[in-house]
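Have a look at target14.tsv below; it lists TSV, C-alpha atoms.
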```tsv
chain	number	residue	atom	x	y	z
I	814	MET	CA	-5.50	25.77	19.26
I	815	GLU	CA	-8.49	27.05	21.19
I	816	ASP	CA	-8.61	27.24	24.99
I	817	GLY	CA	-8.84	23.97	26.87
I	818	GLY	CA	-6.70	21.97	24.43
I	819	ASP	CA	-9.46	21.73	21.82
I	820	PRO	CA	-8.01	22.11	18.33
I	821	GLY	CA	-9.63	24.77	16.18
I	822	GLY	CA	-12.24	24.03	13.54
I	823	LEU	CA	-9.76	24.28	10.66
I	824	THR	CA	-7.42	21.79	12.34
I	825	LYS	CA	-10.30	19.34	12.79
I	826	VAL	CA	-11.36	19.70	9.16
I	827	ILE	CA	-7.80	19.16	7.91
I	828	HIS	CA	-7.42	16.10	10.15
I	829	VAL	CA	-10.64	14.51	8.88
I	830	LEU	CA	-9.97	15.38	5.23
I	831	VAL	CA	-6.42	14.04	5.26
I	832	LEU	CA	-7.34	10.88	7.17
I	833	SER	CA	-10.40	10.11	5.05
I	834	GLY	CA	-8.54	10.97	1.84
I	835	ALA	CA	-5.72	8.61	2.75
I	836	TRP	CA	-8.14	5.83	3.66
I	837	GLY	CA	-10.16	6.32	0.47
I	838	MET	CA	-7.00	6.22	-1.62
I	839	GLN	CA	-5.89	3.04	0.15
I	840	VAL	CA	-9.26	1.36	-0.42
I	841	TRP	CA	-9.22	2.33	-4.10
I	842	VAL	CA	-5.65	1.19	-4.76
I	843	THR	CA	-5.99	-2.00	-2.70
I	844	PHE	CA	-9.41	-3.26	-3.75
I	845	VAL	CA	-10.32	-1.62	-7.06
I	846	SER	CA	-7.62	-0.27	-9.35
I	847	GLY	CA	-5.15	-3.13	-8.98
I	848	PHE	CA	-7.74	-5.79	-9.81
I	849	VAL	CA	-9.19	-3.81	-12.73
I	850	LEU	CA	-5.77	-3.11	-14.21
I	851	PHE	CA	-4.56	-6.69	-13.67
I	852	ARG	CA	-7.59	-8.14	-15.47
I	853	ASN	CA	-7.49	-5.73	-18.40
I	854	LEU	CA	-3.87	-4.91	-19.22
I	855	PRO	CA	-1.12	-7.07	-20.66
I	856	ARG	CA	0.98	-8.48	-17.85
I	857	HIS	CA	4.09	-6.37	-18.47
I	858	THR	CA	2.08	-3.19	-19.04
I	859	PHE	CA	0.36	-3.78	-15.70
I	860	GLY	CA	3.77	-4.11	-14.03
I	861	LEU	CA	4.99	-0.89	-15.66
I	862	VAL	CA	1.90	1.05	-14.51
I	863	GLN	CA	2.18	-0.28	-10.95
I	864	SER	CA	5.90	0.54	-10.83
I	865	LYS	CA	5.08	4.16	-11.68
I	866	LEU	CA	2.03	4.53	-9.39
I	867	PHE	CA	3.20	2.82	-6.21
I	868	PRO	CA	6.06	5.17	-5.28
I	869	PHE	CA	3.61	8.11	-5.42
I	870	TYR	CA	1.01	6.13	-3.53
I	871	PHE	CA	3.41	5.23	-0.72
I	872	TYR	CA	4.82	8.76	-0.40
I	873	ILE	CA	1.32	10.26	-0.33
I	874	SER	CA	0.48	7.73	2.41
I	875	ILE	CA	3.58	8.87	4.33
I	876	GLY	CA	2.57	12.52	3.97
I	877	CYS	CA	-0.98	11.88	5.14
I	878	ALA	CA	0.10	9.78	8.13
I	879	PHE	CA	2.74	12.35	9.11
I	880	THR	CA	0.24	15.23	8.85
I	881	ASN	CA	-2.33	13.45	11.00
I	882	LEU	CA	0.29	12.35	13.50
I	883	CYS	CA	1.50	15.95	13.86
I	884	ILE	CA	-2.05	17.24	14.30
I	885	LEU	CA	-2.87	14.69	16.97
I	886	ALA	CA	0.47	14.88	18.79
I	887	SER	CA	0.34	18.66	19.06
I	888	GLN	CA	-3.08	18.78	20.77
I	889	ARG	CA	-1.82	18.58	24.33
I	890	ALA	CA	0.86	17.05	26.52
I	891	TRP	CA	1.06	13.33	25.87
I	892	VAL	CA	0.44	12.47	29.52
I	893	GLN	CA	-2.98	14.14	29.18
I	894	PHE	CA	-4.10	11.99	26.24
I	895	THR	CA	-7.20	9.89	26.70
I	896	PHE	CA	-6.96	6.16	26.08
I	897	TRP	CA	-8.51	6.58	22.61
I	898	GLU	CA	-6.14	9.43	21.70
I	899	ALA	CA	-3.15	7.29	22.71
I	900	ILE	CA	-4.47	4.38	20.61
I	901	GLN	CA	-5.07	6.71	17.67
I	902	LEU	CA	-1.55	8.10	18.03
I	903	CYS	CA	-0.14	4.54	17.97
I	904	LEU	CA	-2.27	3.65	14.91
I	905	LEU	CA	-1.06	6.73	13.02
I	906	LEU	CA	2.53	5.98	13.99
I	907	LEU	CA	2.04	2.41	12.76
I	908	SER	CA	0.58	3.69	9.48
I	909	LEU	CA	3.52	6.08	9.03
I	910	THR	CA	6.06	3.35	9.78
I	911	LEU	CA	4.47	0.80	7.44
I	912	ALA	CA	4.17	3.34	4.62
I	913	MET	CA	7.83	4.28	5.09
I	914	VAL	CA	8.91	0.62	5.02
I	915	ASN	CA	6.92	0.18	1.81
I	916	ALA	CA	8.26	3.33	0.14
I	917	ARG	CA	11.90	3.08	1.13
I	918	TRP	CA	12.54	-0.66	1.32
I	919	LEU	CA	9.87	-2.98	-0.09
I	920	GLU	CA	8.72	-1.12	-3.21
I	921	PRO	CA	12.21	-0.76	-4.75
I	922	ARG	CA	12.99	-4.43	-4.10
I	923	THR	CA	9.61	-5.61	-5.41
I	924	THR	CA	10.02	-3.53	-8.56
I	925	ALA	CA	13.60	-4.74	-9.13
I	926	ALA	CA	12.46	-8.35	-8.79
I	927	MET	CA	9.58	-7.66	-11.20
I	928	TRP	CA	11.95	-6.20	-13.84
I	929	ALA	CA	14.20	-9.26	-13.52
I	930	LEU	CA	11.18	-11.57	-13.92
I	931	GLN	CA	9.97	-9.64	-16.94
I	932	ALA	CA	13.38	-9.87	-18.60
I	933	VAL	CA	13.29	-13.68	-18.38
I	934	GLU	CA	9.67	-13.75	-19.55
I	935	LYS	CA	10.51	-11.56	-22.57
I	936	GLU	CA	13.31	-13.97	-23.52
I	937	HIS	CA	10.61	-16.65	-23.74
I	938	GLY	CA	8.07	-14.51	-25.59
I	939	LEU	CA	5.83	-13.99	-22.55
I	940	GLY	CA	4.31	-10.94	-20.91
I	941	GLY	CA	2.19	-9.42	-23.67
I	942	GLU	CA	-0.98	-11.29	-22.83
I	943	VAL	CA	-3.77	-10.23	-20.49
I	944	PRO	CA	-3.86	-12.57	-17.45
I	945	GLY	CA	-6.60	-15.19	-17.73
I	946	SER	CA	-6.88	-14.84	-21.51
I	947	GLN	CA	-4.83	-17.91	-22.40
I	948	HIS	CA	-6.25	-21.41	-22.72
I	949	GLY	CA	-4.46	-24.71	-22.34
I	950	ASN	CA	-1.11	-25.18	-20.65
I	951	ASP	CA	0.14	-22.29	-18.53
I	952	PRO	CA	3.41	-21.11	-20.14
I	953	TYR	CA	4.49	-19.43	-16.88
I	954	ARG	CA	4.16	-22.70	-14.98
I	955	GLN	CA	6.16	-24.46	-17.67
I	956	LEU	CA	8.85	-21.77	-17.41
I	957	ARG	CA	8.96	-22.14	-13.61
I	958	GLU	CA	9.39	-25.90	-13.95
I	959	LYS	CA	12.22	-25.74	-16.48
I	960	ASP	CA	14.10	-22.59	-15.39
I	961	PRO	CA	15.35	-22.56	-11.77
I	962	LYS	CA	16.52	-18.93	-12.13
I	963	TYR	CA	13.00	-17.85	-13.09
I	964	SER	CA	11.50	-19.89	-10.26
I	965	SER	CA	13.88	-18.26	-7.77
I	966	LEU	CA	13.12	-14.76	-9.08
I	967	ARG	CA	9.42	-15.45	-8.84
I	968	ARG	CA	9.73	-16.54	-5.20
I	969	LYS	CA	11.74	-13.41	-4.45
I	970	PHE	CA	9.15	-11.18	-6.15
I	971	PHE	CA	6.23	-12.76	-4.29
I	972	HIS	CA	8.14	-12.56	-1.00
I	973	TYR	CA	8.57	-8.79	-1.31
I	974	HIS	CA	5.12	-8.32	-2.85
I	975	GLY	CA	3.53	-10.23	0.03
I	976	LEU	CA	5.34	-8.17	2.66
I	977	SER	CA	4.37	-4.98	0.83
I	978	SER	CA	0.73	-6.09	0.71
I	979	LEU	CA	0.75	-6.81	4.45
I	980	CYS	CA	2.19	-3.36	5.17
I	981	ASN	CA	-0.41	-1.79	2.92
I	982	LEU	CA	-3.23	-3.65	4.69
I	983	GLY	CA	-1.79	-2.55	8.03
I	984	CYS	CA	-2.00	1.09	6.90
I	985	LEU	CA	-5.53	0.61	5.61
I	986	VAL	CA	-6.73	-1.01	8.85
I	987	SER	CA	-4.95	1.59	11.02
I	988	ASN	CA	-6.51	4.48	9.15
I	989	GLY	CA	-9.89	2.74	9.09
I	990	LEU	CA	-9.82	2.28	12.86
I	991	CYS	CA	-8.89	5.95	13.33
I	992	LEU	CA	-11.83	6.96	11.11
I	993	ALA	CA	-14.17	4.62	12.99
I	994	GLY	CA	-13.04	6.15	16.29
I	995	LEU	CA	-13.67	9.64	14.97
I	996	ALA	CA	-17.10	8.65	13.69
I	997	LEU	CA	-18.05	7.08	17.03
I	998	GLY	CA	-17.07	10.34	18.74
I	999	LEU	CA	-19.45	12.43	16.67
I	1000	ARG	CA	-22.27	13.99	18.65
I	1001	SER	CA	-24.52	14.16	15.57
I	1002	LEU	CA	-24.43	13.87	11.83
```

Whole structure given in structure tokens:
Amino acid sequence: MEDGGDPGGLTKVIHVLVLSGAWGMQVWVTFVSGFVLFRNLPRHTFGLVQSKLFPFYFYISIGCAFTNLCILASQRAWVQFTFWEAIQLCLLLLSLTLAMVNARWLEPRTTAAMWALQAVEKEHGLGGEVPGSQHGNDPYRQLREKDPKYSSLRRKFFHYHGLSSLCNLGCLVSNGLCLAGLALGLRSL
């Protein structure tokens, strides 16, 4: 750290690269890859791919949030933080917490519920089709209506999936706000 509490140039570069990399990854996973994969892969293949990618995604998010939190927290005594630095610290702590909840609690439960759903679907010959490719009656709706176990599993899956999505959006917004704050603090481009 240079005199006056100003972090060195390398520290600033690392902070911006890690924060922007995390945000870019979150935008890609949230708004691009999931939709592309969902629309182009058979349903069960999509679930398998997501079950392999998401643990890495959440742990990378944890690592990025932790790195940025450590960089910011080590700049100076906390009582000397500006209002914006305190807000940024809270946003990074929120991002770290939400990513940890996703990685350690929600993702394993969501994936377990998905495997249970897929087992029931396989028993009924479902899961090999690409979503949106079928015409006529929806076989998944018919299965929900006639099989209370499947209906219950589906509710459980969407409960965990919804909570996971909210946590993910919280991380994305937190990191986006931190990036916006850094951009507004630039003296020039």

Notebook entry, point to check: Given the choices I:Leu990, I:Val845, I:Ile873, I:Leu930, which gets closest to I:Tyr963 if the distance is worked out from all atoms listed in the file?
Noted result: I:Leu930

Notebook entry, point to check: So, counting all atoms listed in the file, which residue among I:Leu939, I:Leu861, I:Ala878, I:Leu1002 is closest to I:Leu909?
Noted result: I:Ala878

Next item on the list: Calculate how many Å separate atom CA of I:Gly998 from atom CA of I:Ala835, rounding to one decimal.
Entry: 19.7 Å

Hey, could you make a per-residue contact list for stretch 843-913 of chain I against stretch 973-986 of chain I with 8 Å as the cut-off, showing the nearest pair of atoms and its distance in Å to one decimal, counting all atoms listed in the file, sorted by chain and number, as CSV?
```
residue,atom,partner,partner_atom,distance
I:Thr843,CA,I:Asn981,CA,7.9
I:Leu907,CA,I:Cys984,CA,7.2
I:Ser908,CA,I:Cys984,CA,4.5
I:Leu909,CA,I:Cys984,CA,7.7
I:Leu911,CA,I:Cys980,CA,5.3
I:Ala912,CA,I:Cys984,CA,7.0
```

Build an axis-aligned box that encloses every atom of stretch 822-829 of chain I listed in the file, pad it by 6 Å on each side, and report its centre and edge lengths in Å to one decimal, as AutoDock Vina command-line options.
```
--center_x -9.8 --center_y 19.4 --center_z 10.7 --size_x 16.8 --size_y 21.8 --size_z 17.6
```

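The interatomic distance for the pair atom CA of I:Thr858 and atom CA of I:Gly941 works out to 7.8 Å.
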
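Interatomic distance, atom CA of I:Ile875 against atom CA of I:Ala916: 8.4 Å.
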
Next item on the list: Rank I:Ser833, I:Asn950, I:Ser864, I:Gln931 by their smallest atom-to-atom distance to I:Cys877, using all atoms listed in the file, and report the top residue only.
Entry: I:Ser833

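Distances from I:Phe871, I:His828, I:Ser1001, I:Arg889 to I:Met913 were compared using all atoms listed in the file, and the smallest one belongs to I:Phe871.
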
Notebook entry, point to check: Pick the closest to I:Leu885 from I:Ala996, I:Leu830, I:Ala899, I:Val840: which is it, counting only C-alpha atoms?
Noted result: I:Ala899
